[in-house]
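Visitor: If it helps, the file is called start39.cif and holds mmCIF, C-alpha atoms:
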data_run
#
loop_
_atom_site.label_atom_id
_atom_site.label_comp_id
_atom_site.auth_asym_id
_atom_site.auth_seq_id
_atom_site.Cartn_x
_atom_site.Cartn_y
_atom_site.Cartn_z
CA MET A 68 -25.48 141.33 -34.00
CA LYS A 69 -29.09 141.22 -35.09
CA ILE A 70 -30.59 138.06 -36.55
CA ILE A 71 -34.03 136.71 -37.29
CA LEU A 72 -34.75 133.70 -35.10
CA ASN A 73 -37.97 131.82 -35.83
CA ASN A 74 -39.47 134.81 -37.65
CA THR A 75 -38.64 137.17 -34.73
CA ASN A 76 -35.88 139.82 -34.51
CA GLU A 77 -33.24 139.04 -31.88
CA THR A 78 -30.09 140.88 -30.79
CA PHE A 79 -26.95 139.27 -29.31
CA ASP A 80 -23.89 140.99 -27.77
CA VAL A 81 -21.46 139.16 -30.06
CA ASP A 82 -20.41 139.39 -33.71
CA HIS A 83 -21.22 135.80 -34.52
CA LEU A 84 -22.34 132.57 -32.89
CA THR A 85 -22.06 128.93 -33.71
CA VAL A 86 -25.30 127.00 -33.79
CA ALA A 87 -24.22 125.14 -30.64
CA GLU A 88 -23.65 128.45 -28.85
CA LEU A 89 -27.04 129.76 -29.93
CA LEU A 90 -28.76 126.63 -28.59
CA GLN A 91 -26.97 127.06 -25.27
CA LEU A 92 -27.77 130.79 -25.01
CA LYS A 93 -31.44 130.23 -25.80
CA LYS A 94 -31.59 127.13 -23.59
CA PHE A 95 -32.96 125.06 -26.47
CA THR A 96 -32.51 121.63 -24.95
CA PHE A 97 -34.73 119.38 -27.06
CA LYS A 98 -32.90 116.47 -28.66
CA MET A 99 -34.66 116.39 -32.01
CA LEU A 100 -34.10 119.61 -33.90
CA ILE A 101 -34.35 120.90 -37.42
CA ILE A 102 -32.12 123.96 -37.89
CA LYS A 103 -31.89 126.11 -41.00
CA ILE A 104 -29.66 129.14 -41.62
CA ASN A 105 -30.90 131.27 -44.52
CA GLY A 106 -32.91 128.31 -45.76
CA ASN A 107 -30.05 125.79 -45.64
CA LEU A 108 -30.32 122.79 -43.34
CA VAL A 109 -27.59 122.42 -40.70
CA ARG A 110 -27.09 118.80 -39.67
CA GLN A 111 -26.45 117.86 -36.06
CA GLU A 112 -22.79 116.95 -36.67
CA ASN A 113 -22.20 120.56 -37.81
CA TYR A 114 -23.81 122.41 -34.88
CA ALA A 115 -20.40 123.19 -33.32
CA SER A 116 -18.92 124.53 -36.56
CA ALA A 117 -21.84 126.23 -38.38
CA VAL A 118 -21.64 129.99 -37.83
CA ILE A 119 -24.50 132.47 -37.58
CA ASN A 120 -23.69 136.01 -38.72
CA GLU A 121 -25.34 139.44 -38.66
CA GLY A 122 -28.61 139.48 -40.56
CA ASP A 123 -28.98 135.70 -40.85
CA ASP A 124 -32.44 134.15 -40.88
CA VAL A 125 -32.35 131.19 -38.48
CA MET A 126 -35.01 128.57 -37.83
CA VAL A 127 -34.77 126.26 -34.83
CA LEU A 128 -37.63 123.79 -34.81
CA HIS A 129 -38.17 121.35 -31.93
CA LEU A 130 -39.57 118.02 -33.02
CA ILE A 131 -41.60 116.10 -30.48
CA SER A 132 -43.40 112.79 -30.70
CA GLY A 133 -47.12 112.52 -31.36
CA GLY A 134 -49.31 111.92 -34.33
CA MET B 92 -64.35 130.18 -56.08
CA ASN B 93 -67.27 127.82 -55.73
CA PHE B 94 -66.81 124.17 -54.80
CA GLU B 95 -67.03 122.94 -58.42
CA GLU B 96 -64.18 125.27 -59.40
CA ILE B 97 -62.17 124.19 -56.38
CA LYS B 98 -62.67 120.50 -57.21
CA LEU B 99 -61.58 121.12 -60.80
CA LEU B 100 -58.30 122.61 -59.57
CA LEU B 101 -57.72 119.91 -56.97
CA GLU B 102 -58.41 116.89 -59.15
CA ASN B 103 -55.04 117.31 -60.90
CA LYS B 104 -53.10 117.58 -57.65
CA THR B 105 -51.08 114.92 -55.83
CA VAL B 106 -50.44 114.93 -52.09
CA GLY B 107 -48.02 112.53 -50.37
CA ILE B 108 -48.86 111.55 -46.81
CA ALA B 109 -46.09 109.99 -44.69
CA GLY B 110 -47.83 108.04 -41.93
CA CYS B 111 -51.45 106.86 -41.68
CA GLY B 112 -51.98 107.28 -37.92
CA GLY B 113 -53.84 110.04 -36.12
CA LEU B 114 -52.51 112.86 -38.28
CA GLY B 115 -52.26 111.04 -41.60
CA SER B 116 -55.59 109.20 -41.60
CA ASN B 117 -57.62 112.28 -40.65
CA CYS B 118 -55.69 114.59 -42.98
CA ALA B 119 -56.10 112.14 -45.89
CA VAL B 120 -59.86 111.88 -45.33
CA ALA B 121 -60.24 115.68 -45.29
CA LEU B 122 -58.27 115.98 -48.53
CA ALA B 123 -60.31 113.18 -50.13
CA ARG B 124 -63.58 114.86 -49.16
CA VAL B 125 -62.63 118.08 -50.94
CA GLY B 126 -61.44 116.12 -54.00
CA VAL B 127 -57.64 116.15 -54.13
CA GLY B 128 -57.16 113.88 -57.16
CA ARG B 129 -54.34 111.65 -56.02
CA LEU B 130 -53.16 110.67 -52.56
CA ILE B 131 -50.00 108.64 -51.93
CA ILE B 132 -50.39 107.23 -48.41
CA CYS B 133 -47.61 105.33 -46.64
CA ASP B 134 -47.47 103.33 -43.42
CA PHE B 135 -46.03 99.96 -42.40
CA ASP B 136 -48.14 99.47 -39.27
CA ILE B 137 -51.27 97.51 -38.43
CA ILE B 138 -54.39 98.84 -36.70
CA VAL B 139 -54.68 98.11 -32.96
CA GLU B 140 -57.57 98.91 -30.64
CA SER B 141 -55.74 101.82 -28.95
CA ASN B 142 -55.51 103.59 -32.34
CA LEU B 143 -59.29 104.00 -32.47
CA ASN B 144 -59.26 106.90 -29.98
CA ARG B 145 -58.09 109.16 -32.82
CA GLN B 146 -57.39 107.35 -36.09
CA TYR B 147 -59.79 107.01 -39.03
CA TYR B 148 -60.41 103.26 -38.73
CA PHE B 149 -63.24 101.08 -37.43
CA TYR B 150 -63.49 98.38 -34.79
CA ASP B 151 -63.82 95.58 -37.34
CA GLN B 152 -60.57 96.72 -39.00
CA ILE B 153 -58.35 95.90 -35.99
CA GLY B 154 -55.42 93.75 -37.17
CA LEU B 155 -55.47 95.05 -40.74
CA LYS B 156 -52.67 97.03 -42.41
CA LYS B 157 -53.15 100.77 -42.11
CA ALA B 158 -52.29 101.98 -45.62
CA PRO B 159 -54.58 99.68 -47.65
CA THR B 160 -57.34 99.98 -45.03
CA LEU B 161 -57.21 103.78 -45.16
CA LYS B 162 -57.47 103.51 -48.93
CA ALA B 163 -60.65 101.45 -48.53
CA ASN B 164 -62.08 103.97 -46.04
CA ILE B 165 -61.29 106.89 -48.36
CA HIS B 166 -63.03 105.09 -51.22
CA LYS B 167 -66.17 104.68 -49.10
CA ILE B 168 -66.24 108.49 -48.92
CA ASN B 169 -65.02 109.38 -52.40
CA PRO B 170 -64.42 106.53 -54.87
CA LYS B 171 -63.07 108.94 -57.50
CA ILE B 172 -59.83 109.62 -55.65
CA ASP B 173 -56.76 107.82 -56.98
CA VAL B 174 -55.21 106.41 -53.80
CA ILE B 175 -51.78 104.78 -53.92
CA ALA B 176 -51.39 102.84 -50.66
CA CYS B 177 -47.81 101.88 -49.76
CA ASP B 178 -47.27 99.33 -47.02
CA ILE B 179 -43.72 100.48 -46.35
CA LYS B 180 -41.49 101.89 -43.63
CA LEU B 181 -40.29 105.07 -45.29
CA ASP B 182 -36.60 106.00 -45.38
CA SER B 183 -34.85 108.83 -47.17
CA SER B 184 -34.49 107.04 -50.50
CA SER B 185 -38.09 105.78 -50.62
CA ILE B 186 -39.37 109.24 -49.62
CA VAL B 187 -37.66 110.80 -52.62
CA ALA B 188 -38.75 107.98 -54.95
CA LEU B 189 -42.41 107.86 -53.86
CA PHE B 190 -43.08 111.58 -53.34
CA ARG B 191 -41.08 113.04 -56.23
CA GLU B 192 -44.19 113.91 -58.27
CA CYS B 193 -46.21 115.34 -55.37
CA ASP B 194 -47.38 118.94 -55.15
CA VAL B 195 -47.17 118.87 -51.34
CA ILE B 196 -45.95 116.37 -48.72
CA VAL B 197 -47.67 115.90 -45.36
CA GLU B 198 -45.45 114.71 -42.48
CA ALA B 199 -47.74 112.61 -40.29
CA PHE B 200 -45.40 110.37 -38.31
CA ASP B 201 -45.74 109.83 -34.58
CA ARG B 202 -42.05 109.53 -33.58
CA ALA B 203 -39.86 112.63 -33.42
CA ASP B 204 -36.86 110.85 -34.97
CA MET B 205 -38.97 109.87 -38.00
CA LYS B 206 -40.23 113.46 -38.32
CA GLN B 207 -36.61 114.63 -38.27
CA MET B 208 -35.57 112.07 -40.91
CA LEU B 209 -38.39 113.10 -43.25
CA LEU B 210 -37.87 116.84 -42.83
CA GLU B 211 -34.08 116.53 -43.31
CA THR B 212 -34.62 114.47 -46.45
CA VAL B 213 -37.10 116.90 -47.99
CA LEU B 214 -35.15 120.01 -46.95
CA THR B 215 -31.93 118.70 -48.54
CA GLU B 216 -33.06 116.51 -51.44
CA MET B 217 -36.39 118.07 -52.48
CA VAL B 218 -35.76 121.73 -51.68
CA GLU B 219 -38.64 123.11 -53.75
CA MET B 220 -41.23 120.76 -52.20
CA PRO B 221 -43.77 122.30 -49.81
CA ILE B 222 -43.98 120.21 -46.64
CA VAL B 223 -46.64 120.38 -43.91
CA SER B 224 -45.58 118.87 -40.59
CA GLY B 225 -47.51 118.16 -37.38
CA VAL B 226 -45.70 119.04 -34.14
CA GLY B 227 -47.38 119.09 -30.72
CA MET B 228 -50.97 117.88 -30.28
CA ALA B 229 -50.99 115.72 -27.13
CA GLY B 230 -53.62 115.99 -24.41
CA TRP B 231 -56.82 118.01 -24.40
CA GLY B 232 -58.03 121.61 -24.06
CA ASN B 233 -55.83 124.60 -24.87
CA SER B 234 -57.32 124.79 -28.36
CA ASN B 235 -55.90 128.21 -29.15
CA ALA B 236 -52.31 126.99 -28.74
CA ILE B 237 -52.66 124.94 -31.93
CA ARG B 238 -51.48 127.12 -34.78
CA MET B 239 -49.63 127.14 -38.09
CA ARG B 240 -46.12 128.59 -38.46
CA GLN B 241 -44.39 129.01 -41.81
CA TYR B 242 -40.64 128.94 -42.55
CA GLY B 243 -40.24 129.21 -46.32
CA LYS B 244 -41.86 126.10 -47.81
CA LEU B 245 -42.00 124.35 -44.43
CA PHE B 246 -45.31 124.65 -42.59
CA ILE B 247 -45.68 123.48 -38.96
CA CYS B 248 -49.12 122.72 -37.51
CA GLY B 249 -49.61 122.11 -33.78
CA ASP B 250 -48.78 123.73 -30.46
CA GLY B 251 -45.05 122.96 -30.86
CA VAL B 252 -44.62 121.86 -27.23
CA SER B 253 -47.00 119.12 -26.03
CA GLU B 254 -45.24 115.76 -26.33
CA VAL B 255 -47.21 112.55 -26.15
CA SER B 256 -46.71 110.69 -22.84
CA GLU B 257 -48.53 108.34 -20.49
CA GLU B 258 -50.14 111.32 -18.74
CA GLU B 259 -50.77 113.28 -21.91
CA PRO B 260 -51.99 110.84 -24.55
CA PRO B 261 -52.91 111.71 -28.11
CA LEU B 262 -56.72 112.05 -28.31
CA ALA B 263 -59.15 112.51 -31.21
CA PRO B 264 -60.11 116.17 -30.71
CA ARG B 265 -56.65 117.74 -30.57
CA VAL B 266 -55.01 115.30 -33.00
CA GLY B 267 -57.93 115.92 -35.36
CA MET B 268 -57.45 119.68 -35.04
CA ALA B 269 -53.78 119.40 -35.99
CA ALA B 270 -54.55 116.92 -38.81
CA ASN B 271 -57.27 119.13 -40.26
CA MET B 272 -55.03 122.18 -39.87
CA GLN B 273 -52.48 120.28 -41.95
CA ALA B 274 -55.16 119.55 -44.59
CA ASN B 275 -56.22 123.20 -44.54
CA THR B 276 -52.60 124.26 -45.05
CA VAL B 277 -52.30 121.82 -47.97
CA LEU B 278 -55.33 123.50 -49.57
CA GLU B 279 -53.77 126.90 -48.96
CA VAL B 280 -50.67 125.76 -50.85
CA LEU B 281 -52.60 124.05 -53.66
CA LEU B 282 -55.04 126.94 -54.17
CA LYS B 283 -52.48 129.71 -53.70
CA ASP B 284 -53.37 132.88 -55.65
CA LYS B 285 -56.64 131.29 -56.77
CA LYS B 286 -59.05 133.25 -54.53
#
Translate this file's structure into structure tokens.
Guide:
Amino acid sequence: MKIILNNTNETFDVDHLTVAELLQLKKFTFKMLIIKINGNLVRQENYASAVINEGDDVMVLHLISGG
Amino acid sequence: MNFEEIKLLLENKTVGIAGCGGLGSNCAVALARVGVGRLIICDFDIIVESNLNRQYYFYDQIGLKKAPTLKANIHKINPKIDVIACDIKLDSSSIVALFRECDVIVEAFDRADMKQMLLETVLTEMVEMPIVSGVGMAGWGNSNAIRMRQYGKLFICGDGVSEVSEEEPPLAPRVGMAANMQANTVLEVLLKDKK
């Protein structure tokens, strides 16, 4: 499937992915994340169940301390 | 647009600033200088000497509360700005209550978990609100890594990767770059389609 991940086109060899699977595939290991699928926030407790499908627009934002 | 026209547009705008540390104090001062009419600034902390390497406070203000002190500093620059200083530790309900009427919110916390709390609150409970967040500004050098990324109404300013640590402290130049990039992004939102 093709999706948009952080404003960039990406292709995966599967029909769909859960958010947790995407994080593992992309090796996104930061603890503090903000994830949106098609503009809707996905909370941490739903990472294992929220599904990403063909054409979805996904944002994975790492939050780090400093300010 | 000349500066008088810009000021006229900005004087009716309200910007909420969550945190009055390195990002928030410098961003607030930039917005006050250009004449954003109302600033709602929130912080529960007091000024300590180590803050002065990047935050918009003075040596004789050590020990004072950040939010009311930043208000005083802003008024030394531009007394016409309506500054609402809130000495409060923000949580999701106070964020919605205090920032409801804002045109833009600036996320200027230091801790990642507070950034997450604010962004989750705004993205679920204030979905139409533009929000400008600061992520990644520790250390020095590497100026060109600091950039702005947009995801819908969420704007991220910073390099996205440099976390503050003992070996990579937050310092005035890079924190100021991110803070002023946030202020510049706020202007971009407030003056959209007005060029």
Visitor: When the PyMOL selection byres ((chain B) within 8 of (chain A)) is applied to the file above, which residues end up in the set, as an MDAnalysis selection string?
Guide: chainID B and resid 112:115 199:204 206:207 210:211 214:215 225:229 242:243 251:255 261 266
Visitor: Restricting the calculation to only C-alpha atoms, which member of A:Leu84, A:Ala117, A:Leu92, A:Ile104 is positioned closest to Ile71 of chain A?
Guide: A:Ile104
Visitor: Which residue, B:Ser185, B:Ser116, B:Ser234, B:Asn169, has the smallest gap to Lys157 of chain B when you use all atoms listed in the file?
Guide: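 Result for the nearest residue to Lys157 of chain B: B:Ser116.
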Visitor: Go ahead and compute the interatomic distance for atom CA of Gly128 of chain B and atom CA of His166 of chain B, in Å to one decimal.
Guide: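 Atom-to-atom, atom CA of Gly128 of chain B to atom CA of His166 of chain B, that is 12.1 Å.
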Visitor: Mind giving me the straight-line distance from atom CA of Asp178 of chain B to atom CA of Pro159 of chain B in Å, one decimal?
Guide: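 Pair atom CA of Asp178 of chain B / atom CA of Pro159 of chain B returns 7.3 Å.
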Visitor: Nearest residue to Asn142 of chain B out of B:Leu130, B:Met268, B:Val187, B:Leu155, using only C-alpha atoms?
Guide: B:Leu155
Visitor: For segment 281-283 of chain B, find every residue with an atom within 8 Å (counting all atoms listed in the file), except residues of its own chain fewer than 4 positions away, and show them as a PyMOL selection string.
Guide: chain B and resi 97+100-101+104+194-195+277
Visitor: Could you tell me how far atom CA of Arg124 of chain B lies from atom CA of Met217 of chain B, in Å and to one decimal?
Guide: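 For atom CA of Arg124 of chain B relative to atom CA of Met217 of chain B, the distance reads 27.6 Å.
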Visitor: Please put the answer as JSON: centre and edge lengths, in Å with one decimal, of a box along x, y and z that encloses all listed atoms of segment 98-116 of chain A plus 6 Å on each side.
Guide:
{"center_x": -26.8, "center_y": 123.8, "center_z": -37.2, "size_x": 27.7, "size_y": 26.9, "size_z": 29.1}
Visitor: Can you pull out every residue within 10 Å of Glu216 of chain B, counting only C-alpha atoms, but drop anything in the same chain fewer than 3 positions away, and send it as a list in words?
Guide: Ser183, Ser184, Ile186, Val187, Arg191, Leu210, Glu211, Thr212, Val213, Glu219 and Met220 of chain B
Visitor: For the structure provided, state which residues fall under the PyMOL selection byres ((chain A and resi 115) around 10), and present them as an MDAnalysis selection string.
Guide: chainID A and resid 84:89 111:114 116:118
Visitor: Apply the PyMOL selection byres ((chain A and resi 77) around 12) to the structure shown and report the selected residues as a PyMOL selection string.
Guide: chain A and resi 68-76+78-81+89+93+121-125
Visitor: At a cut-off of 9 Å from (-58.0, 109.3, -47.5) in the coordinates of the file, what residues are picked up using all atoms listed in the file, written as a list in words?
Guide: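 The answer, in the requested form, is Gly115, Ser116, Asn117, Cys118, Ala119, Val120, Ala121, Leu122, Ala123, Arg124, Leu130, Ile132, Tyr147, Leu161, Lys162, Ala163, Asn164, Ile165, His166, Ile168, Asn169, Ile172 and Val174 of chain B.
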Visitor: Residues near Ile196 of chain B, anyone? I mean within 6 Å using all atoms listed in the file, not counting same-chain ones fewer than 4 positions away, as a list in words.
Guide: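 Result of the neighbour search: Val106, Gly107, Ile108 and Ile222 of chain B.
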Visitor: Choose the residue, out of B:Glu192, B:Glu95, B:Asp136, B:Glu198, that has the smallest atom-to-atom separation from Ile179 of chain B; count all atoms listed in the file.
Guide: B:Asp136
Visitor: Which is closer to Thr105 of chain B than all the others in B:Val127, B:Ala158, B:Ser256, B:Ser141, using all atoms listed in the file?
Guide: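 Going through B:Val127, B:Ala158, B:Ser256, B:Ser141 one by one, the smallest distance to Thr105 of chain B is for B:Val127.
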Visitor: Around (-51.6, 124.4, -35.4) in the file's own coordinates, what residues are found within 9 Å if you use only C-alpha atoms, given back as a PyMOL selection string?
Guide: chain B and resi 225-228+235-240+247-251+268-270+272-273
